[in-house]
Structures are given as structure tokens and as C-alpha cells.
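*Asks:* Contents of upload-v4.cif (mmCIF, C-alpha atoms and all ligand atoms):
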data_run
#
loop_
_atom_site.label_atom_id
_atom_site.label_comp_id
_atom_site.auth_asym_id
_atom_site.auth_seq_id
_atom_site.Cartn_x
_atom_site.Cartn_y
_atom_site.Cartn_z
CA MET S 1 -79.69 233.06 100.65
CA GLY S 2 -82.53 234.04 102.96
CA GLU S 3 -82.47 230.71 104.78
CA ALA S 4 -82.59 230.78 108.54
CA PRO S 5 -81.77 227.82 110.74
CA ALA S 6 -85.04 226.12 111.52
CA ARG S 7 -85.76 226.11 115.23
CA GLU S 8 -89.56 225.87 115.09
CA GLN S 9 -89.70 223.07 112.55
CA GLU S 10 -87.43 220.92 114.66
CA SER S 11 -89.74 220.74 117.61
CA ALA S 12 -92.68 220.29 115.23
CA HIS S 13 -91.06 217.10 113.84
CA PRO S 14 -89.84 214.94 116.65
CA GLY S 15 -87.95 212.75 114.18
CA ASP S 16 -85.77 215.69 113.27
CA GLY S 17 -82.68 216.68 115.15
CA VAL S 18 -80.07 219.39 115.42
CA VAL S 19 -77.88 217.17 113.27
CA VAL S 20 -79.43 214.70 110.86
CA THR S 21 -77.43 212.65 108.37
CA ARG S 22 -78.83 210.20 105.88
CA ALA S 23 -76.60 207.62 104.21
CA LEU S 24 -73.71 210.02 104.68
CA THR S 25 -70.63 208.55 103.03
CA LYS S 26 -67.06 209.70 102.51
CA ARG S 27 -64.53 207.90 100.39
CA TYR S 28 -61.18 209.67 100.31
CA ARG S 29 -59.32 210.02 97.05
CA GLY S 30 -56.93 207.26 97.99
CA GLY S 31 -59.97 204.95 98.06
CA GLN S 32 -60.31 204.79 101.85
CA LEU S 33 -63.99 204.45 102.84
CA ALA S 34 -63.86 206.55 106.03
CA VAL S 35 -67.62 206.96 106.62
CA ASP S 36 -70.09 204.44 105.25
CA GLY S 37 -73.82 205.18 104.98
CA LEU S 38 -74.23 207.03 108.26
CA HIS S 39 -77.76 207.72 109.60
CA LEU S 40 -77.29 209.97 112.61
CA THR S 41 -79.92 211.95 114.55
CA VAL S 42 -78.80 214.29 117.31
CA PRO S 43 -81.78 215.42 119.43
CA GLU S 44 -82.01 219.08 120.44
CA GLY S 45 -80.69 219.71 123.96
CA SER S 46 -78.76 216.44 124.14
CA VAL S 47 -75.14 215.95 125.06
CA PHE S 48 -74.42 213.59 122.23
CA GLY S 49 -71.37 211.37 122.44
CA PHE S 50 -69.88 210.26 119.14
CA LEU S 51 -67.89 207.27 120.20
CA GLY S 52 -65.49 205.07 118.33
CA PRO S 53 -61.94 203.81 118.33
CA ASN S 54 -59.26 205.82 116.55
CA GLY S 55 -59.75 205.75 112.80
CA SER S 56 -63.46 204.85 112.96
CA GLY S 57 -64.48 207.96 111.00
CA LYS S 58 -65.44 210.45 113.70
CA THR S 59 -63.29 213.36 112.54
CA THR S 60 -64.27 212.78 108.92
CA THR S 61 -67.96 212.94 109.92
CA ILE S 62 -67.42 216.13 111.92
CA ARG S 63 -65.59 217.74 109.01
CA MET S 64 -68.54 216.95 106.76
CA LEU S 65 -71.02 218.34 109.32
CA MET S 66 -69.02 221.58 109.51
CA GLY S 67 -68.91 221.87 105.72
CA LEU S 68 -65.12 221.53 105.67
CA ILE S 69 -65.21 218.60 103.25
CA GLU S 70 -67.85 217.38 100.79
CA PRO S 71 -69.50 214.01 101.30
CA THR S 72 -69.05 211.48 98.51
CA SER S 73 -72.79 210.72 98.80
CA GLY S 74 -75.68 211.06 101.23
CA THR S 75 -76.84 214.17 103.07
CA ALA S 76 -76.12 216.08 106.25
CA ARG S 77 -78.45 218.69 107.78
CA VAL S 78 -77.31 220.88 110.65
CA LEU S 79 -79.89 223.10 112.40
CA GLY S 80 -82.34 222.01 109.74
CA LEU S 81 -80.27 223.18 106.77
CA PRO S 82 -78.22 221.16 104.28
CA MET S 83 -74.44 221.17 104.63
CA PRO S 84 -72.11 222.21 103.14
CA ARG S 85 -74.52 224.31 101.00
CA SER S 86 -75.87 226.35 103.92
CA ALA S 87 -72.60 226.71 105.82
CA ARG S 88 -72.82 230.50 105.83
CA ALA S 89 -76.24 230.49 107.48
CA VAL S 90 -75.52 227.62 109.86
CA LEU S 91 -71.98 228.13 111.12
CA PRO S 92 -72.59 231.38 113.04
CA HIS S 93 -74.87 229.33 115.33
CA VAL S 94 -72.32 226.56 115.82
CA GLY S 95 -69.29 226.73 118.09
CA ALA S 96 -66.59 224.28 117.12
CA LEU S 97 -63.43 222.98 118.70
CA ILE S 98 -61.79 220.76 116.14
CA GLU S 99 -58.20 219.52 116.26
CA GLY S 100 -57.17 222.01 118.94
CA PRO S 101 -57.85 225.72 118.90
CA ALA S 102 -55.87 228.02 116.60
CA LEU S 103 -54.19 230.38 119.06
CA TYR S 104 -51.33 232.86 118.98
CA GLY S 105 -48.84 231.86 121.68
CA PHE S 106 -47.35 235.34 121.94
CA LEU S 107 -50.73 236.90 122.76
CA SER S 108 -52.43 236.63 126.13
CA GLY S 109 -55.56 234.53 126.45
CA ARG S 110 -57.64 237.70 126.56
CA ASP S 111 -55.94 239.21 123.49
CA ASN S 112 -56.46 235.99 121.56
CA LEU S 113 -60.20 236.24 122.22
CA LEU S 114 -60.30 239.98 121.42
CA ARG S 115 -58.62 239.22 118.11
CA LEU S 116 -61.03 236.39 117.28
CA ASP S 117 -64.01 238.53 118.22
CA ALA S 118 -62.71 241.36 116.03
CA ALA S 119 -62.50 238.94 113.10
CA ASP S 120 -66.26 238.39 113.33
CA PRO S 121 -67.94 241.10 111.22
CA THR S 122 -71.23 240.68 113.08
CA ALA S 123 -69.69 241.27 116.53
CA ASP S 124 -70.32 244.77 117.95
CA PRO S 125 -66.92 246.32 118.85
CA ARG S 126 -68.48 248.37 121.67
CA THR S 127 -69.38 245.26 123.64
CA ARG S 128 -66.25 243.30 122.70
CA ARG S 129 -64.40 243.55 126.02
CA ALA S 130 -67.48 242.56 128.00
CA ARG S 131 -68.12 239.61 125.69
CA VAL S 132 -64.54 238.42 126.05
CA ALA S 133 -64.65 238.84 129.85
CA THR S 134 -67.85 236.77 130.03
CA ALA S 135 -66.37 234.00 127.88
CA LEU S 136 -63.17 233.91 129.99
CA ASP S 137 -65.25 233.76 133.13
CA ARG S 138 -67.37 230.89 131.81
CA VAL S 139 -64.32 228.70 131.26
CA GLY S 140 -62.62 229.76 134.50
CA LEU S 141 -59.74 231.63 132.86
CA THR S 142 -60.30 235.12 134.29
CA ALA S 143 -57.29 234.92 136.61
CA ALA S 144 -55.00 233.69 133.81
CA ALA S 145 -56.42 235.99 131.12
CA GLY S 146 -53.32 238.21 131.01
CA LYS S 147 -50.85 235.33 130.62
CA LYS S 148 -49.40 234.55 127.21
CA ALA S 149 -51.21 231.57 125.65
CA LYS S 150 -47.92 229.74 125.12
CA ALA S 151 -47.55 229.57 128.92
CA TYR S 152 -50.96 227.85 129.20
CA SER S 153 -51.23 224.16 129.97
CA LEU S 154 -52.95 222.00 127.37
CA GLY S 155 -56.11 222.04 129.49
CA MET S 156 -56.05 225.84 129.67
CA LYS S 157 -55.58 226.01 125.89
CA GLN S 158 -58.61 223.75 125.42
CA ARG S 159 -60.61 225.99 127.77
CA LEU S 160 -59.49 229.05 125.81
CA GLY S 161 -60.62 227.28 122.64
CA LEU S 162 -64.00 226.68 124.27
CA ALA S 163 -64.18 230.33 125.31
CA ALA S 164 -63.60 231.24 121.66
CA ALA S 165 -66.46 228.95 120.66
CA LEU S 166 -68.64 230.71 123.26
CA LEU S 167 -68.04 234.31 122.18
CA ARG S 168 -71.53 234.36 120.76
CA PRO S 169 -74.61 232.40 121.76
CA ARG S 170 -74.57 229.02 120.09
CA ARG S 171 -77.25 226.45 119.48
CA LEU S 172 -74.77 223.69 118.88
CA LEU S 173 -71.24 223.03 120.13
CA VAL S 174 -69.14 220.53 118.23
CA LEU S 175 -66.13 219.30 120.17
CA ASP S 176 -63.73 216.84 118.56
CA GLU S 177 -61.96 214.82 121.27
CA PRO S 178 -61.97 217.79 123.70
CA THR S 179 -60.09 215.96 126.44
CA ASN S 180 -57.47 214.33 124.22
CA GLY S 181 -54.00 214.70 125.72
CA LEU S 182 -55.23 216.20 128.99
CA ASP S 183 -54.27 214.94 132.43
CA PRO S 184 -57.08 213.62 134.68
CA GLN S 185 -57.58 217.02 136.31
CA GLY S 186 -57.80 218.77 132.91
CA MET S 187 -60.24 216.10 131.71
CA ARG S 188 -62.46 216.64 134.75
CA GLU S 189 -62.48 220.40 134.17
CA ILE S 190 -63.52 220.05 130.54
CA ARG S 191 -66.22 217.50 131.43
CA THR S 192 -67.63 219.77 134.11
CA LEU S 193 -67.64 222.62 131.64
CA VAL S 194 -69.44 220.54 129.02
CA ARG S 195 -72.14 219.66 131.57
CA GLU S 196 -72.55 223.32 132.49
CA LEU S 197 -72.86 224.37 128.86
CA ALA S 198 -75.43 221.67 128.24
CA SER S 199 -77.47 222.73 131.25
CA ASP S 200 -78.13 226.04 129.44
CA GLY S 201 -79.88 224.04 126.71
CA THR S 202 -77.07 224.15 124.17
CA THR S 203 -76.82 220.90 122.23
CA VAL S 204 -73.32 219.47 122.54
CA PHE S 205 -71.92 217.02 120.02
CA LEU S 206 -68.74 215.55 121.39
CA SER S 207 -66.48 212.93 119.88
CA SER S 208 -64.41 210.65 122.03
CA HIS S 209 -62.65 207.33 121.98
CA LEU S 210 -63.18 207.06 125.75
CA LEU S 211 -66.18 204.98 126.74
CA ASP S 212 -66.25 206.13 130.35
CA GLU S 213 -66.11 209.75 129.25
CA ILE S 214 -69.24 209.27 127.16
CA GLU S 215 -70.97 207.50 130.05
CA GLN S 216 -70.07 210.31 132.43
CA VAL S 217 -71.17 213.33 130.41
CA CYS S 218 -73.49 212.27 127.62
CA THR S 219 -77.24 211.80 127.52
CA HIS S 220 -77.12 210.13 124.10
CA ALA S 221 -74.48 208.35 122.12
CA ALA S 222 -73.71 206.90 118.72
CA VAL S 223 -71.11 204.20 118.39
CA MET S 224 -68.93 203.95 115.28
CA THR S 225 -66.62 201.25 114.15
CA ARG S 226 -64.77 201.21 110.83
CA GLY S 227 -66.83 204.01 109.33
CA ARG S 228 -70.18 202.43 110.20
CA LEU S 229 -72.68 203.30 112.89
CA ILE S 230 -73.42 200.30 115.06
CA THR S 231 -75.94 201.85 117.42
CA GLN S 232 -77.32 205.16 118.71
CA GLY S 233 -79.74 206.26 121.38
CA PRO S 234 -79.98 207.38 125.02
CA VAL S 235 -76.88 206.19 126.91
CA ALA S 236 -78.97 204.48 129.57
CA GLU S 237 -80.82 202.43 126.93
CA LEU S 238 -77.64 201.49 125.08
CA SER S 239 -76.01 200.00 128.15
CA ALA S 240 -79.28 198.43 129.32
CA GLY S 241 -79.31 196.52 126.03
CA ALA S 242 -76.26 194.57 127.14
CA ARG S 243 -76.32 192.11 129.97
CA GLY S 244 -74.14 193.05 132.94
CA ARG S 245 -71.31 190.97 134.31
CA LEU S 246 -71.62 188.45 137.08
CA VAL S 247 -69.05 189.18 139.78
CA VAL S 248 -68.06 186.65 142.44
CA THR S 249 -65.64 187.67 145.20
CA THR S 250 -63.95 184.66 146.78
CA PRO S 251 -60.69 183.42 148.28
CA ASP S 252 -61.10 180.38 145.97
CA PRO S 253 -60.99 181.96 142.50
CA ALA S 254 -59.79 178.88 140.58
CA ASP S 255 -62.60 176.70 141.92
CA ALA S 256 -65.12 179.47 141.42
CA ALA S 257 -64.03 179.91 137.77
CA ARG S 258 -64.37 176.17 137.15
CA VAL S 259 -67.86 176.01 138.68
CA LEU S 260 -69.04 179.09 136.80
CA LYS S 261 -67.90 177.51 133.52
CA GLU S 262 -69.71 174.30 134.43
CA GLN S 263 -72.80 176.40 135.06
CA GLY S 264 -72.61 177.73 131.52
CA VAL S 265 -71.25 181.19 132.34
CA ALA S 266 -69.34 182.54 129.32
CA ASP S 267 -66.16 184.60 129.23
CA VAL S 268 -65.04 183.73 132.75
CA VAL S 269 -62.11 185.85 133.94
CA ALA S 270 -60.36 185.44 137.31
CA ALA S 271 -58.32 188.36 138.65
CA GLY S 272 -57.21 188.28 142.29
CA ASP S 273 -60.20 187.42 144.42
CA ARG S 274 -62.69 188.50 141.72
CA VAL S 275 -64.10 186.11 139.19
CA THR S 276 -66.33 187.65 136.54
CA GLY S 277 -68.26 186.34 133.59
CA GLU S 278 -71.18 187.14 131.31
CA ALA S 279 -74.33 187.17 133.41
CA PRO S 280 -76.29 184.05 132.40
CA GLU S 281 -80.01 184.21 131.65
CA ARG S 282 -80.84 181.43 134.12
CA ASP S 283 -81.69 181.92 137.78
CA LEU S 284 -78.63 183.34 139.52
CA ALA S 285 -79.64 181.73 142.84
CA GLU S 286 -78.90 178.34 141.21
CA VAL S 287 -75.45 179.49 140.14
CA ASN S 288 -74.75 180.73 143.66
CA ALA S 289 -76.00 177.43 145.15
CA ALA S 290 -73.69 175.48 142.83
CA LEU S 291 -70.70 177.52 144.02
CA VAL S 292 -71.58 176.85 147.64
CA ARG S 293 -72.16 173.12 146.96
CA ALA S 294 -68.68 172.91 145.43
CA GLY S 295 -67.19 174.33 148.62
CA VAL S 296 -66.36 177.75 147.14
CA ARG S 297 -66.33 180.37 149.88
CA VAL S 298 -68.47 183.13 148.38
CA ARG S 299 -67.89 186.56 149.92
CA GLY S 300 -69.68 188.55 147.28
CA PHE S 301 -72.08 187.62 144.50
CA GLY S 302 -73.90 189.98 142.17
CA VAL S 303 -74.34 191.49 138.73
CA GLU S 304 -72.58 194.74 137.87
CA ARG S 305 -74.58 197.11 135.75
CA ALA S 306 -73.71 196.80 132.08
CA SER S 307 -71.48 199.55 130.79
CA LEU S 308 -71.39 201.07 127.36
CA GLU S 309 -68.29 198.95 126.86
CA ASP S 310 -70.32 195.80 127.46
CA ALA S 311 -72.82 197.09 124.91
CA PHE S 312 -70.03 197.71 122.42
CA VAL S 313 -68.59 194.25 122.91
CA ALA S 314 -72.05 192.67 122.67
CA LEU S 315 -72.78 194.54 119.42
CA THR S 316 -69.48 194.06 117.66
CA GLY S 317 -68.14 190.88 119.22
CA GLU S 318 -64.88 192.79 119.61
CA GLY S 319 -63.13 194.54 122.44
CA PHE S 320 -63.12 198.30 122.38
CA ASP S 321 -59.58 198.63 121.10
CA VAL S 322 -58.42 202.22 121.17
CA ALA S 323 -54.98 201.52 119.76
CA GLY S 324 -54.91 203.64 116.69
N1 LIG S 401 -57.44 213.11 104.29
C1 LIG S 401 -57.51 211.78 104.29
N2 LIG S 401 -57.17 211.05 103.21
C2 LIG S 401 -57.26 209.69 103.20
N3 LIG S 401 -57.68 208.96 104.25
C3 LIG S 401 -58.03 209.61 105.37
C4 LIG S 401 -57.97 211.05 105.46
N4 LIG S 401 -58.39 211.43 106.70
C5 LIG S 401 -58.70 210.27 107.34
N5 LIG S 401 -58.48 209.19 106.56
C6 LIG S 401 -58.75 207.78 106.91
O1 LIG S 401 -60.14 207.63 107.16
C7 LIG S 401 -60.39 206.79 108.27
C8 LIG S 401 -61.20 207.52 109.32
O2 LIG S 401 -60.40 208.56 109.89
P1 LIG S 401 -60.96 209.64 110.93
O3 LIG S 401 -59.84 210.59 111.20
O4 LIG S 401 -62.22 210.19 110.42
O5 LIG S 401 -61.24 208.72 112.18
P2 LIG S 401 -61.43 209.13 113.69
O6 LIG S 401 -62.45 208.20 114.23
O7 LIG S 401 -61.68 210.58 113.83
O8 LIG S 401 -60.05 208.77 114.32
P3 LIG S 401 -59.05 209.69 115.14
O9 LIG S 401 -59.63 209.73 116.50
O10 LIG S 401 -57.77 208.90 115.04
O11 LIG S 401 -58.98 211.00 114.42
C9 LIG S 401 -59.01 206.34 108.76
O12 LIG S 401 -58.74 205.08 108.22
C10 LIG S 401 -58.08 207.37 108.21
O13 LIG S 401 -56.80 206.82 107.97
#
Have the structure of the file written as C-alpha cells, please.
Ligand SMILES: Nc1ncnc2c1ncn2[C@@H]1O[C@H](COP(=O)(O)OP(=O)(O)OP(=O)(O)O)[C@@H](O)[C@H]1O
*Replies:*
Amino acid sequence: MGEAPAREQESAHPGDGVVVTRALTKRYRGGQLAVDGLHLTVPEGSVFGFLGPNGSGKTTTIRMLMGLIEPTSGTARVLGLPMPRSARAVLPHVGALIEGPALYGFLSGRDNLLRLDAADPTADPRTRRARVATALDRVGLTAAAGKKAKAYSLGMKQRLGLAAALLRPRRLLVLDEPTNGLDPQGMREIRTLVRELASDGTTVFLSSHLLDEIEQVCTHAAVMTRGRLITQGPVAELSAGARGRLVVTTPDPADAARVLKEQGVADVVAAGDRVTGEAPERDLAEVNAALVRAGVRVRGFGVERASLEDAFVALTGEGFDVAG
């Protein structure tokens, strides 16, 4: 083998990334084209959100990146090396949480980690307990370390899975839908943890079907739909690419909606005392004046910052439908 993951080369070539795919494609045996010509570049040090509705090909992509399945065509490089060919050199530097952690319910959280650490031939047994204690501490499970894993909540199990991924220093963490099935509190805990991990410089690649989750924790994102990448880049730039929504607050929503439509505002929606629509390119002062002229009592008038969801809708012409 003799190949080592390339750290130096990456910074020497700014176009390179921790994960780089070129025309990566997977067609399953049944004929299903799950991933179609994917060009993905994950910059070092980013928290990279891999966003798409259920069935858009996220898990299939992650399984190719981890060398679990072969692409039908195209290439994937992780830490500068081709996958799946270099899986043995690459995977020790990658912590993964895919489809829920494999845990023994009858063992305590601590014993699960001790067992996983012992299964790693490169892990020094003399420092095992300290390593496990550090990992438990990082995910906030020290107090619950002696409890059997089957008594853990789903959120605690996810945190234990993350602790397992953190038993050794990692350059890349790959988390497939890490907050799936968690209650709001559990989701917050995992998001906080992801931010902390990223602040150490670890690149985090995180898939999600939740737009607001990506906006809250990610620096960069790629958006998938039906196996194809529709956009990627810094989150701030992606949402800036879409126009925000015009929001009018008024006790006269029906009149306001009518006037906005007359003023050429598209996609006008009235809900309670809020009437929203696509922000028009023309001077908003004119739109406001037209409302006032028509006798609409305007209590609030402004443009809400575009969200990633607006960007998605603008790019695909579809709603972000998560029904899978
Ligand atoms: N082993 C398989 N054999 C055949 N088709 C598959 C297989 N795994 C996934 N698919 C199909 O490939 C497409 C992409 O699925 P994938 O699981 O990668 O999407 P996803 O974005 O991760 O969605 P989810 O969040 O639901 O897992 C889907 O249409 C799915 O039905």
C-alpha cells in the first residue's frame, strides 16, 4: 500500500477538498439511478451539509464515500485517496455514524466503547480506559456511562455512537442524518456537539433532510434532488442567491393580497395578518405606496432574508417535500 492520506497536497491545491467526487454515479441492480453524475467538493475544515429530501441519494453517496458500495461509474476521493481502493488507508482517519450506531444493549455505554476500542488493532490497550473516558466526556455521557445502552434514549445512543467515532483523532466525520428520530432537545444536543467538533478543525460531512438544521450548523452545503446535485457552496451564498420574501403585516390581508398581486408580486400567500410574496425586483417603496393608496392599513412592511428553502424552491421550482 504505502499510501498516506494527503494533507499537504490539499492545502497546496485549493480546488481539492477532503471529499472530491467527479461524475460519481450509482445505478442499483434493479435499474434505479440513485446518484447521477455527482461533482462534490467538501472543503477542509467545513461543516458540510448534504441536503436533500428522502430518497434523493444521500445515503447511497455516503456509502460510496465510505467504500461500502462500488460506484457504477465516476470517482470518489476521500482525504486525497481514491475510494473504495484506498479504504484501508483512509478509513482510520474517518469517523462515521451511518444508520445508527451498532451497540450492545446489554453492555453499559462505557463497556460498549471499551469493546469497540479493543476491536481496533492500532489502539494501545494501556491507554484504553482514558481514551474511552475522554470520548464519553466529549459527548456528555460521563454520568450515564455505567448505564446499560438499552436504557439510553435515542439521543443518548446517537451521542454514544459519536463517542465511538471519536475514540481516535479524526480528520473527517461523516454523519448520516444524525438527528433523525430525535426530539427537539436531542436534536439541539447533537447540533451543539457537531459545532464543537467542527471548532477543533475536524471536517464534518452531515446529511440531513432538514433545511433549518443545515442553516443552523453548516458552513457549506450541497443540495440533492433525485440523485442529482442542484447546487453547492457556502450556505450564506446559497441563500443569498435567492430573493427573500416580502412580508406585509396588516389587519386587511385580503385587500393587501389583491394589491400585491396587482403590483406584480408573485406567489402571494395570506395567513392571519401576514401577507407574503416573492420580493419583486422593482422599488419596494412603490409597492408600499400602492398599499397605502388602496386604504390598506400597513403595520409592517419588509423583506425577510432568503432561506436555504427559498434557494431550493428557486432552483428546482418545487417545494422542499420531505415526504419519503
Ligand atoms: N440497495 C438498493 N437497491 C435498489 N435501490 C435502492 C437501494 N438503496 C437505495 N435505493 C434507491 O435509491 C434512491 C436513493 O436512495 P438513498 O437511500 O440513497 O436516498 P437518501 O437521500 O439517503 O434518502 P433517505 O434519507 O430516505 O435514506 C431511492 O430511490 C432508493 O429507493
*Asks:* Residues within 8 Å of ligand LIG 401 (chain S), counting all atoms listed in the file: report them as a PyMOL selection string.
*Replies:* chain S and resi 27-35+52-61+177+208-209+224+226-227+324
*Asks:* Using all atoms listed in the file, which of the listed residues (S:Leu210, S:Leu238, S:Ile98, S:Val204) sits closest to S:Gln158?
*Replies:* S:Ile98
*Asks:* Please compute the atom CA of S:Leu260-atom CA of S:Val296 distance, one decimal, in Å.
*Replies:*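 Between atom CA of S:Leu260 and atom CA of S:Val296 the gap works out to 10.8 Å.
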*Asks:* Could you please determine the separation between atom CA of S:Leu40 and atom CA of S:Ala311 in Å, to one decimal place?
*Replies:*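 Going from atom CA of S:Leu40 over to atom CA of S:Ala311, I get 18.4 Å.
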*Asks:* Env of stretch 86-96 of chain S: 9 Å cut, atoms = only C-alpha atoms, seq-sep filter 4 positions within chain, self excluded. Answer as a list in words.
*Replies:*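 What passes the distance filter is Met1, Gly2, Glu3, Ala4, Pro5, Met66, Gly67, Arg77, Val78, Leu79, Gly80, Leu81, Pro82, Gly161, Leu162, Ala164, Ala165, Leu166, Leu167, Arg168, Pro169, Arg170, Arg171, Leu172, Leu173, Val174, Leu175 and Asp176 of chain S.
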*Asks:* Can you write out the residues you just picked, keeping C-alpha atoms, as a tab-separated table (two decimals), in the frame of the given file?
*Replies:*
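Once everything was written out, this is part28.tsv:
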chain	number	residue	atom	x	y	z
S	1	MET	CA	-79.69	233.06	100.65
S	2	GLY	CA	-82.53	234.04	102.96
S	3	GLU	CA	-82.47	230.71	104.78
S	4	ALA	CA	-82.59	230.78	108.54
S	5	PRO	CA	-81.77	227.82	110.74
S	66	MET	CA	-69.02	221.58	109.51
S	67	GLY	CA	-68.91	221.87	105.72
S	77	ARG	CA	-78.45	218.69	107.78
S	78	VAL	CA	-77.31	220.88	110.65
S	79	LEU	CA	-79.89	223.10	112.40
S	80	GLY	CA	-82.34	222.01	109.74
S	81	LEU	CA	-80.27	223.18	106.77
S	82	PRO	CA	-78.22	221.16	104.28
S	161	GLY	CA	-60.62	227.28	122.64
S	162	LEU	CA	-64.00	226.68	124.27
S	164	ALA	CA	-63.60	231.24	121.66
S	165	ALA	CA	-66.46	228.95	120.66
S	166	LEU	CA	-68.64	230.71	123.26
S	167	LEU	CA	-68.04	234.31	122.18
S	168	ARG	CA	-71.53	234.36	120.76
S	169	PRO	CA	-74.61	232.40	121.76
S	170	ARG	CA	-74.57	229.02	120.09
S	171	ARG	CA	-77.25	226.45	119.48
S	172	LEU	CA	-74.77	223.69	118.88
S	173	LEU	CA	-71.24	223.03	120.13
S	174	VAL	CA	-69.14	220.53	118.23
S	175	LEU	CA	-66.13	219.30	120.17
S	176	ASP	CA	-63.73	216.84	118.56
*Asks:* Could you tell me how far atom CA of S:Ala144 sits from atom CA of S:Glu99, in Å to one decimal place?
*Replies:* 22.8 Å
*Asks:* For S:Ala133, please output as an NGL selection string all residues within 10 Å (counting all atoms listed in the file; exclusion window: fewer than 2 positions along the same chain).
*Replies:* :S and (110 or 113-114 or 128-131 or 135-138 or 141-142 or 145 or 163 or 167)
*Asks:* I need the residue nearest S:Thr192 from this list: S:Gly105, S:Gly302, S:Gly140, S:Pro71. Use all atoms listed in the file for the distance.
*Replies:*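 Looking at the shortest contact to S:Thr192, the residue is S:Gly140.
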*Asks:* Skipping near chain neighbours, those fewer than 3 positions away, what residues fall within 12 Å of stretch 243-255 of chain S using only C-alpha atoms, listed as a PDB file with C-alpha atoms, keeping the file's coordinate frame?
*Replies:*
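Output (selection_17.pdb):
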ATOM      1  CA  GLU S 237     -80.820 202.430 126.930  1.00  0.00           C
ATOM      2  CA  LEU S 238     -77.640 201.490 125.080  1.00  0.00           C
ATOM      3  CA  SER S 239     -76.010 200.000 128.150  1.00  0.00           C
ATOM      4  CA  ALA S 240     -79.280 198.430 129.320  1.00  0.00           C
ATOM      5  CA  ARG S 258     -64.370 176.170 137.150  1.00  0.00           C
ATOM      6  CA  VAL S 259     -67.860 176.010 138.680  1.00  0.00           C
ATOM      7  CA  LEU S 260     -69.040 179.090 136.800  1.00  0.00           C
ATOM      8  CA  LYS S 261     -67.900 177.510 133.520  1.00  0.00           C
ATOM      9  CA  GLU S 262     -69.710 174.300 134.430  1.00  0.00           C
ATOM     10  CA  VAL S 265     -71.250 181.190 132.340  1.00  0.00           C
ATOM     11  CA  ALA S 266     -69.340 182.540 129.320  1.00  0.00           C
ATOM     12  CA  ASP S 267     -66.160 184.600 129.230  1.00  0.00           C
ATOM     13  CA  VAL S 268     -65.040 183.730 132.750  1.00  0.00           C
ATOM     14  CA  VAL S 269     -62.110 185.850 133.940  1.00  0.00           C
ATOM     15  CA  ALA S 270     -60.360 185.440 137.310  1.00  0.00           C
ATOM     16  CA  ALA S 271     -58.320 188.360 138.650  1.00  0.00           C
ATOM     17  CA  GLY S 272     -57.210 188.280 142.290  1.00  0.00           C
ATOM     18  CA  ASP S 273     -60.200 187.420 144.420  1.00  0.00           C
ATOM     19  CA  ARG S 274     -62.690 188.500 141.720  1.00  0.00           C
ATOM     20  CA  VAL S 275     -64.100 186.110 139.190  1.00  0.00           C
ATOM     21  CA  THR S 276     -66.330 187.650 136.540  1.00  0.00           C
ATOM     22  CA  GLY S 277     -68.260 186.340 133.590  1.00  0.00           C
ATOM     23  CA  GLU S 278     -71.180 187.140 131.310  1.00  0.00           C
ATOM     24  CA  ALA S 279     -74.330 187.170 133.410  1.00  0.00           C
ATOM     25  CA  PRO S 280     -76.290 184.050 132.400  1.00  0.00           C
ATOM     26  CA  GLU S 281     -80.010 184.210 131.650  1.00  0.00           C
ATOM     27  CA  ARG S 282     -80.840 181.430 134.120  1.00  0.00           C
ATOM     28  CA  LEU S 284     -78.630 183.340 139.520  1.00  0.00           C
ATOM     29  CA  ALA S 285     -79.640 181.730 142.840  1.00  0.00           C
ATOM     30  CA  VAL S 287     -75.450 179.490 140.140  1.00  0.00           C
ATOM     31  CA  ASN S 288     -74.750 180.730 143.660  1.00  0.00           C
ATOM     32  CA  ALA S 290     -73.690 175.480 142.830  1.00  0.00           C
ATOM     33  CA  LEU S 291     -70.700 177.520 144.020  1.00  0.00           C
ATOM     34  CA  VAL S 292     -71.580 176.850 147.640  1.00  0.00           C
ATOM     35  CA  ARG S 293     -72.160 173.120 146.960  1.00  0.00           C
ATOM     36  CA  ALA S 294     -68.680 172.910 145.430  1.00  0.00           C
ATOM     37  CA  GLY S 295     -67.190 174.330 148.620  1.00  0.00           C
ATOM     38  CA  VAL S 296     -66.360 177.750 147.140  1.00  0.00           C
ATOM     39  CA  ARG S 297     -66.330 180.370 149.880  1.00  0.00           C
ATOM     40  CA  VAL S 298     -68.470 183.130 148.380  1.00  0.00           C
ATOM     41  CA  ARG S 299     -67.890 186.560 149.920  1.00  0.00           C
ATOM     42  CA  GLY S 300     -69.680 188.550 147.280  1.00  0.00           C
ATOM     43  CA  PHE S 301     -72.080 187.620 144.500  1.00  0.00           C
ATOM     44  CA  GLY S 302     -73.900 189.980 142.170  1.00  0.00           C
ATOM     45  CA  VAL S 303     -74.340 191.490 138.730  1.00  0.00           C
ATOM     46  CA  GLU S 304     -72.580 194.740 137.870  1.00  0.00           C
ATOM     47  CA  ARG S 305     -74.580 197.110 135.750  1.00  0.00           C
ATOM     48  CA  ALA S 306     -73.710 196.800 132.080  1.00  0.00           C
ATOM     49  CA  SER S 307     -71.480 199.550 130.790  1.00  0.00           C
ATOM     50  CA  LEU S 308     -71.390 201.070 127.360  1.00  0.00           C
ATOM     51  CA  GLU S 309     -68.290 198.950 126.860  1.00  0.00           C
ATOM     52  CA  ASP S 310     -70.320 195.800 127.460  1.00  0.00           C
ATOM     53  CA  ALA S 311     -72.820 197.090 124.910  1.00  0.00           C
ATOM     54  CA  PHE S 312     -70.030 197.710 122.420  1.00  0.00           C
ATOM     55  CA  VAL S 313     -68.590 194.250 122.910  1.00  0.00           C
ATOM     56  CA  ALA S 314     -72.050 192.670 122.670  1.00  0.00           C
ATOM     57  CA  LEU S 315     -72.780 194.540 119.420  1.00  0.00           C
TER      58      LEU S 315
END
*Asks:* Considering only C-alpha atoms, can you say which of S:Gly264, S:Gly155, S:Gly49, S:Pro125 comes closest to S:Glu189?
*Replies:* S:Gly155
*Asks:* Which residues, written as a PyMOL selection string, have at least one atom at most 10 Å from S:Ile214, with all atoms listed in the file counted and residues fewer than 2 positions away on the same chain left out?
*Replies:* chain S and resi 47-51+191+206-212+216-222+235+308
*Asks:* In terms of the shortest atom-to-atom distance over all atoms listed in the file, which of S:Val132, S:Leu103, S:Ala256, S:Leu24 is closest to S:Glu70?
*Replies:*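 Of the candidates, the smallest distance to S:Glu70 is held by S:Leu24.
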*Asks:* From the set S:Leu97, S:Ala143, S:Leu38, S:Leu107, which residue has the shortest atom-to-atom contact distance to S:Arg159, counting all atoms listed in the file?
*Replies:*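 Between S:Leu97, S:Ala143, S:Leu38, S:Leu107, the residue approaching S:Arg159 most closely is S:Leu97.
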*Asks:* Nearest residue to S:Val194 out of S:Ala23, S:Ile62, S:Val139, S:Ala76, using all atoms listed in the file?
*Replies:* S:Val139
